[in-house]
$ cat data.cif   # mmCIF, C-alpha atoms
data_my_file
loop_
_atom_site.group_PDB
_atom_site.id
_atom_site.type_symbol
_atom_site.label_atom_id
_atom_site.label_comp_id
_atom_site.auth_asym_id
_atom_site.auth_seq_id
_atom_site.Cartn_x
_atom_site.Cartn_y
_atom_site.Cartn_z
ATOM 1 C CA MET A 1 -64.651 32.853 39.779
ATOM 2 C CA ASP A 2 -65.180 30.777 42.774
ATOM 3 C CA GLN A 3 -62.664 28.744 44.656
ATOM 4 C CA ASP A 4 -63.429 25.418 43.004
ATOM 5 C CA GLU A 5 -62.857 26.902 39.615
ATOM 6 C CA LYS A 6 -59.649 28.497 40.769
ATOM 7 C CA LEU A 7 -58.591 25.222 42.297
ATOM 8 C CA ASP A 8 -59.436 23.402 39.064
ATOM 9 C CA LEU A 9 -57.482 25.969 37.090
ATOM 10 C CA ILE A 10 -54.476 25.601 39.394
ATOM 11 C CA MET A 11 -54.740 21.812 39.154
ATOM 12 C CA ALA A 12 -54.867 21.987 35.379
ATOM 13 C CA LYS A 13 -51.768 24.179 35.346
ATOM 14 C CA LEU A 14 -50.029 21.845 37.783
ATOM 15 C CA ASP A 15 -50.932 18.893 35.553
ATOM 16 C CA ALA A 16 -49.449 20.754 32.559
ATOM 17 C CA PHE A 17 -46.305 21.491 34.574
ATOM 18 C CA ASP A 18 -46.172 17.883 35.687
ATOM 19 C CA SER A 19 -46.447 16.611 32.113
ATOM 20 C CA ARG A 20 -43.789 19.089 31.009
ATOM 21 C CA LEU A 21 -41.566 17.928 33.843
ATOM 22 C CA ASP A 22 -42.136 14.326 32.753
ATOM 23 C CA GLU A 23 -41.154 15.295 29.222
ATOM 24 C CA LEU A 24 -38.026 17.058 30.503
ATOM 25 C CA GLU A 25 -37.186 14.056 32.651
ATOM 26 C CA ALA A 26 -37.563 11.744 29.618
ATOM 27 C CA LYS A 27 -35.324 14.050 27.599
ATOM 28 C CA PHE A 28 -32.750 14.058 30.400
ATOM 29 C CA ASP A 29 -32.902 10.247 30.518
ATOM 30 C CA MET A 30 -32.371 10.091 26.745
ATOM 31 C CA THR A 31 -29.483 12.564 27.003
ATOM 32 C CA ASP A 32 -28.023 10.514 29.845
ATOM 33 C CA SER A 33 -28.191 7.308 27.752
ATOM 34 C CA ARG A 34 -26.579 9.142 24.850
ATOM 35 C CA LEU A 35 -23.809 10.347 27.146
ATOM 36 C CA GLU A 36 -23.333 6.781 28.427
ATOM 37 C CA ALA A 37 -23.089 5.522 24.807
ATOM 38 C CA LEU A 38 -20.577 8.257 24.053
ATOM 39 C CA ASP A 39 -18.646 7.330 27.202
ATOM 40 C CA SER A 40 -18.567 3.672 26.126
ATOM 41 C CA ARG A 41 -17.314 4.773 22.711
ATOM 42 C CA PHE A 42 -14.528 6.720 24.396
ATOM 43 C CA ASP A 43 -13.723 3.641 26.490
ATOM 44 C CA MET A 44 -13.600 1.585 23.288
ATOM 45 C CA ALA A 45 -11.321 4.207 21.747
ATOM 46 C CA ASP A 46 -9.089 4.020 24.827
ATOM 47 C CA SER A 47 -8.895 0.234 24.538
ATOM 48 C CA ARG A 48 -8.064 0.609 20.838
ATOM 49 C CA PHE A 49 -5.263 3.006 21.772
ATOM 50 C CA GLU A 50 -3.916 0.479 24.275
ATOM 51 C CA ALA A 51 -4.088 -2.357 21.729
ATOM 52 C CA LEU A 52 -2.343 -0.194 19.170
ATOM 53 C CA ASP A 53 0.390 0.652 21.684
ATOM 54 C CA ALA A 54 0.912 -3.073 22.292
ATOM 55 C CA ARG A 55 1.168 -3.687 18.545
ATOM 56 C CA LEU A 56 3.625 -0.825 18.170
ATOM 57 C CA ASP A 57 5.799 -2.229 20.937
ATOM 58 C CA ALA A 58 5.826 -5.588 19.135
ATOM 59 C CA LEU A 59 7.263 -4.041 15.978
ATOM 60 C CA ASP A 60 10.826 -3.269 17.083
ATOM 61 C CA GLY A 61 12.083 -1.889 13.776
ATOM 62 C CA LEU A 62 9.312 0.688 13.462
ATOM 63 C CA ASP A 63 9.563 2.362 16.870
ATOM 64 C CA SER A 64 10.903 5.627 15.520
ATOM 65 C CA ARG A 65 8.114 5.956 12.959
ATOM 66 C CA PHE A 66 5.438 5.269 15.540
ATOM 67 C CA ASP A 67 7.067 7.668 18.010
ATOM 68 C CA ALA A 68 6.775 10.389 15.375
ATOM 69 C CA ILE A 69 3.131 9.454 14.823
ATOM 70 C CA ASP A 70 2.475 9.496 18.596
ATOM 71 C CA ALA A 71 4.043 12.954 18.797
ATOM 72 C CA GLY A 72 1.755 14.072 15.993
ATOM 73 C CA LEU A 73 -1.246 12.579 17.788
ATOM 74 C CA THR A 74 -0.610 14.546 20.974
ATOM 75 C CA GLY A 75 -0.762 17.777 19.002
ATOM 76 C CA LEU A 76 -4.119 16.947 17.452
ATOM 77 C CA GLU A 77 -7.239 18.565 18.758
ATOM 78 C CA GLY A 78 -10.625 16.983 18.522
ATOM 79 C CA VAL A 79 -11.776 13.407 18.783
ATOM 80 C CA GLU A 80 -12.700 13.021 15.114
ATOM 81 C CA GLU A 81 -9.181 13.886 13.992
ATOM 82 C CA ARG A 82 -7.767 11.318 16.421
ATOM 83 C CA PHE A 83 -10.119 8.638 15.096
ATOM 84 C CA GLU A 84 -9.051 9.387 11.522
ATOM 85 C CA THR A 85 -5.401 9.146 12.505
ATOM 86 C CA LEU A 86 -6.056 5.867 14.304
ATOM 87 C CA GLU A 87 -7.777 4.453 11.252
ATOM 88 C CA ALA A 88 -4.796 5.455 9.095
ATOM 89 C CA LEU A 89 -2.441 3.771 11.573
ATOM 90 C CA GLY A 90 -4.583 0.664 11.538
ATOM 91 C CA SER A 91 -4.508 0.470 7.753
ATOM 92 C CA ARG A 92 -0.718 0.972 7.736
ATOM 93 C CA LEU A 93 -0.397 -1.778 10.318
ATOM 94 C CA GLU A 94 -2.497 -4.066 8.129
ATOM 95 C CA GLU A 95 -0.281 -3.182 5.151
ATOM 96 C CA LEU A 96 2.795 -4.102 7.182
ATOM 97 C CA LYS A 97 1.199 -7.370 8.236
ATOM 98 C CA ALA A 98 0.400 -8.120 4.597
ATOM 99 C CA ARG A 99 3.996 -7.354 3.631
ATOM 100 C CA PHE A 100 5.290 -9.637 6.354
ATOM 101 C CA ALA A 101 2.884 -12.346 5.222
ATOM 102 C CA SER A 102 4.083 -11.973 1.623
ATOM 103 C CA LEU A 103 7.673 -12.321 2.857
ATOM 104 C CA ASP A 104 6.712 -15.592 4.513
ATOM 105 C CA GLY A 105 5.351 -16.782 1.171
ATOM 106 C CA LEU A 106 8.560 -15.633 -0.519
ATOM 107 C CA GLU A 107 10.635 -17.628 1.958
ATOM 108 C CA GLN A 108 8.601 -20.712 1.117
ATOM 109 C CA ASP A 109 9.083 -20.085 -2.617
ATOM 110 C CA ILE A 110 12.845 -19.738 -2.146
ATOM 111 C CA SER A 111 12.931 -22.908 -0.080
ATOM 112 C CA ASP A 112 10.977 -24.735 -2.803
ATOM 113 C CA LEU A 113 13.423 -23.433 -5.421
ATOM 114 C CA LYS A 114 16.392 -24.657 -3.386
ATOM 115 C CA MET A 115 14.806 -28.069 -3.042
ATOM 116 C CA THR A 116 14.145 -28.207 -6.787
ATOM 117 C CA ILE A 117 17.727 -27.211 -7.559
ATOM 118 C CA GLU A 118 19.127 -29.753 -5.133
ATOM 119 C CA ASN A 119 16.834 -32.615 -6.051
ATOM 120 C CA GLU A 120 16.268 -32.155 -9.760
ATOM 121 C CA THR A 121 18.519 -29.626 -11.443
ATOM 122 C CA ASN A 122 21.786 -30.781 -9.868
ATOM 123 C CA LYS A 123 21.024 -34.409 -10.700
ATOM 124 C CA ASN A 124 20.147 -33.475 -14.273
ATOM 125 C CA ILE A 125 23.381 -31.481 -14.603
ATOM 126 C CA VAL A 126 25.343 -34.523 -13.400
ATOM 127 C CA ARG A 127 23.537 -36.713 -15.953
ATOM 128 C CA ILE A 128 24.256 -34.271 -18.761
ATOM 129 C CA ALA A 129 27.911 -34.000 -17.682
ATOM 130 C CA LYS A 130 28.241 -37.795 -17.751
ATOM 131 C CA SER A 131 26.652 -37.885 -21.197
ATOM 132 C CA HIS A 132 29.056 -35.213 -22.429
ATOM 133 C CA LEU A 133 31.973 -37.162 -20.986
ATOM 134 C CA ASP A 134 30.767 -40.283 -22.820
ATOM 135 C CA LEU A 135 30.442 -38.280 -26.049
ATOM 136 C CA ILE A 136 33.939 -36.826 -25.619
ATOM 137 C CA CYS A 137 35.358 -40.316 -25.049
ATOM 138 C CA LYS A 138 33.556 -41.603 -28.139
ATOM 139 C CA LEU A 139 34.815 -38.608 -30.146
ATOM 140 C CA ASP A 140 38.363 -39.267 -28.939
ATOM 141 C CA ASP A 141 38.023 -42.931 -29.952
ATOM 142 C CA THR A 142 36.680 -41.903 -33.354
ATOM 143 C CA LEU A 143 39.416 -39.314 -33.873
ATOM 144 C CA LYS A 144 42.016 -41.850 -32.762
ATOM 145 C CA ALA A 145 40.696 -44.372 -35.297
ATOM 146 C CA GLU A 146 40.665 -41.691 -37.998
ATOM 147 C CA SER A 147 44.165 -40.660 -37.039
ATOM 148 C CA GLU A 148 45.358 -44.257 -37.360
ATOM 149 C CA THR A 149 43.633 -44.532 -40.747
ATOM 150 C CA GLU A 150 45.249 -41.274 -41.852
ATOM 151 C CA MET A 151 48.668 -42.513 -40.691
ATOM 152 C CA LEU A 152 48.173 -45.761 -42.635
ATOM 153 C CA ALA A 153 47.185 -43.774 -45.726
ATOM 154 C CA ILE A 154 50.379 -41.684 -45.373
ATOM 155 C CA HIS A 155 52.430 -44.848 -44.962
ATOM 156 C CA VAL A 156 50.845 -46.404 -48.050
ATOM 157 C CA ASN A 157 51.540 -43.214 -49.991
ATOM 158 C CA ILE A 158 55.201 -43.229 -48.906
ATOM 159 C CA LEU A 159 55.538 -46.915 -49.795
ATOM 160 C CA GLU A 160 53.952 -46.345 -53.212
ATOM 161 C CA ASN A 161 56.390 -43.504 -53.866
ATOM 162 C CA GLU A 162 59.319 -45.689 -52.842
ATOM 163 C CA LEU A 163 57.999 -48.534 -55.027
ATOM 164 C CA ARG A 164 57.744 -46.177 -57.982
ATOM 165 C CA LYS A 165 61.287 -44.947 -57.388
ATOM 166 C CA VAL A 166 62.506 -48.527 -57.199
ATOM 167 C CA LYS A 167 60.668 -49.367 -60.434
ATOM 168 C CA GLU A 168 62.212 -46.357 -62.152
ATOM 169 C CA LYS A 169 65.692 -47.299 -60.992
ATOM 170 C CA LEU A 170 65.111 -50.810 -62.192
ATOM 171 C CA LYS A 171 63.920 -49.483 -65.499
ATOM 172 C CA GLN A 172 66.971 -47.334 -65.807
ATOM 173 C CA THR A 173 69.301 -50.115 -64.953
ATOM 174 C CA GLY A 174 67.532 -52.378 -67.375
ATOM 175 C CA LEU A 175 66.637 -55.130 -65.060
ATOM 176 C CA SER A 176 62.982 -54.812 -65.454
ATOM 177 C CA GLY A 177 61.291 -56.966 -67.976
#

$ encode --input "data.cif" --output "structure tokens"
Amino acid sequence: MDQDEKLDLIMAKLDAFDSRLDELEAKFDMTDSRLEALDSRFDMADSRFEALDARLDALDGLDSRFDAIDAGLTGLEGVEERFETLEALGSRLEELKARFASLDGLEQDISDLKMTIENETNKNIVRIAKSHLDLICKLDDTLKAESETEMLAIHVNILENELRKVKEKLKQTGLSG
């Protein structure tokens, strides 16, 4: 083998090494971009943690529950487990928000009921009470008239009895004709 052939052989091997190096460099670039994407995901997860901490601070009544959850989170190992726990916390937070929203609707319903009672029911009760009072007065008037009629009937009965007694006495004395 002469020197040109050797040189060509070396050049061919160097070209193969060069192409393999290019491939390795492309793979390293791809791995680097993947690592950057993973890093951005971790940054996003960090920002989610910070937002969740702010939300937890806003809910004064639930501090103890969230403290217990935070203590449980520190003991967890692995990123996937932390993400699952965060998702569960997020859904619980949404449930609490929904409950608070339903309480707002309940307050409005109670306020509407109060307005209805004040504006309609109380007025209707007053109207019915006035009607009952009128009926009671009319009943008293009717009973009073009946009572007077009854008293007159008793008086007539007494007078008839006295008239009969007088007639009998007259009959017995012989004055009647």

$ atom_distance --input "data.cif" --atom1 "CA of Ser91 in chain A" --atom2 "CA of Leu38 in chain A"
24.2 Å

$ closest_residue --input "data.cif" --among "A:Glu50, A:Asp112, A:Asp4, A:Asp29" --to "Leu86 in chain A" --atoms "all atoms listed in the file"
A:Glu50

$ closest_residue --input "data.cif" --among "A:Asp53, A:Val166, A:Leu96, A:Lys13" --to "Asp67 in chain A" --atoms "all atoms listed in the file"
A:Asp53

$ atom_distance --input "data.cif" --atom1 "CA of Lys97 in chain A" --atom2 "CA of Asp57 in chain A"
14.5 Å

$ closest_residue --input "data.cif" --among "A:Phe49, A:Phe28, A:Phe17, A:Phe42" --to "Leu89 in chain A" --atoms "all atoms listed in the file"
A:Phe49
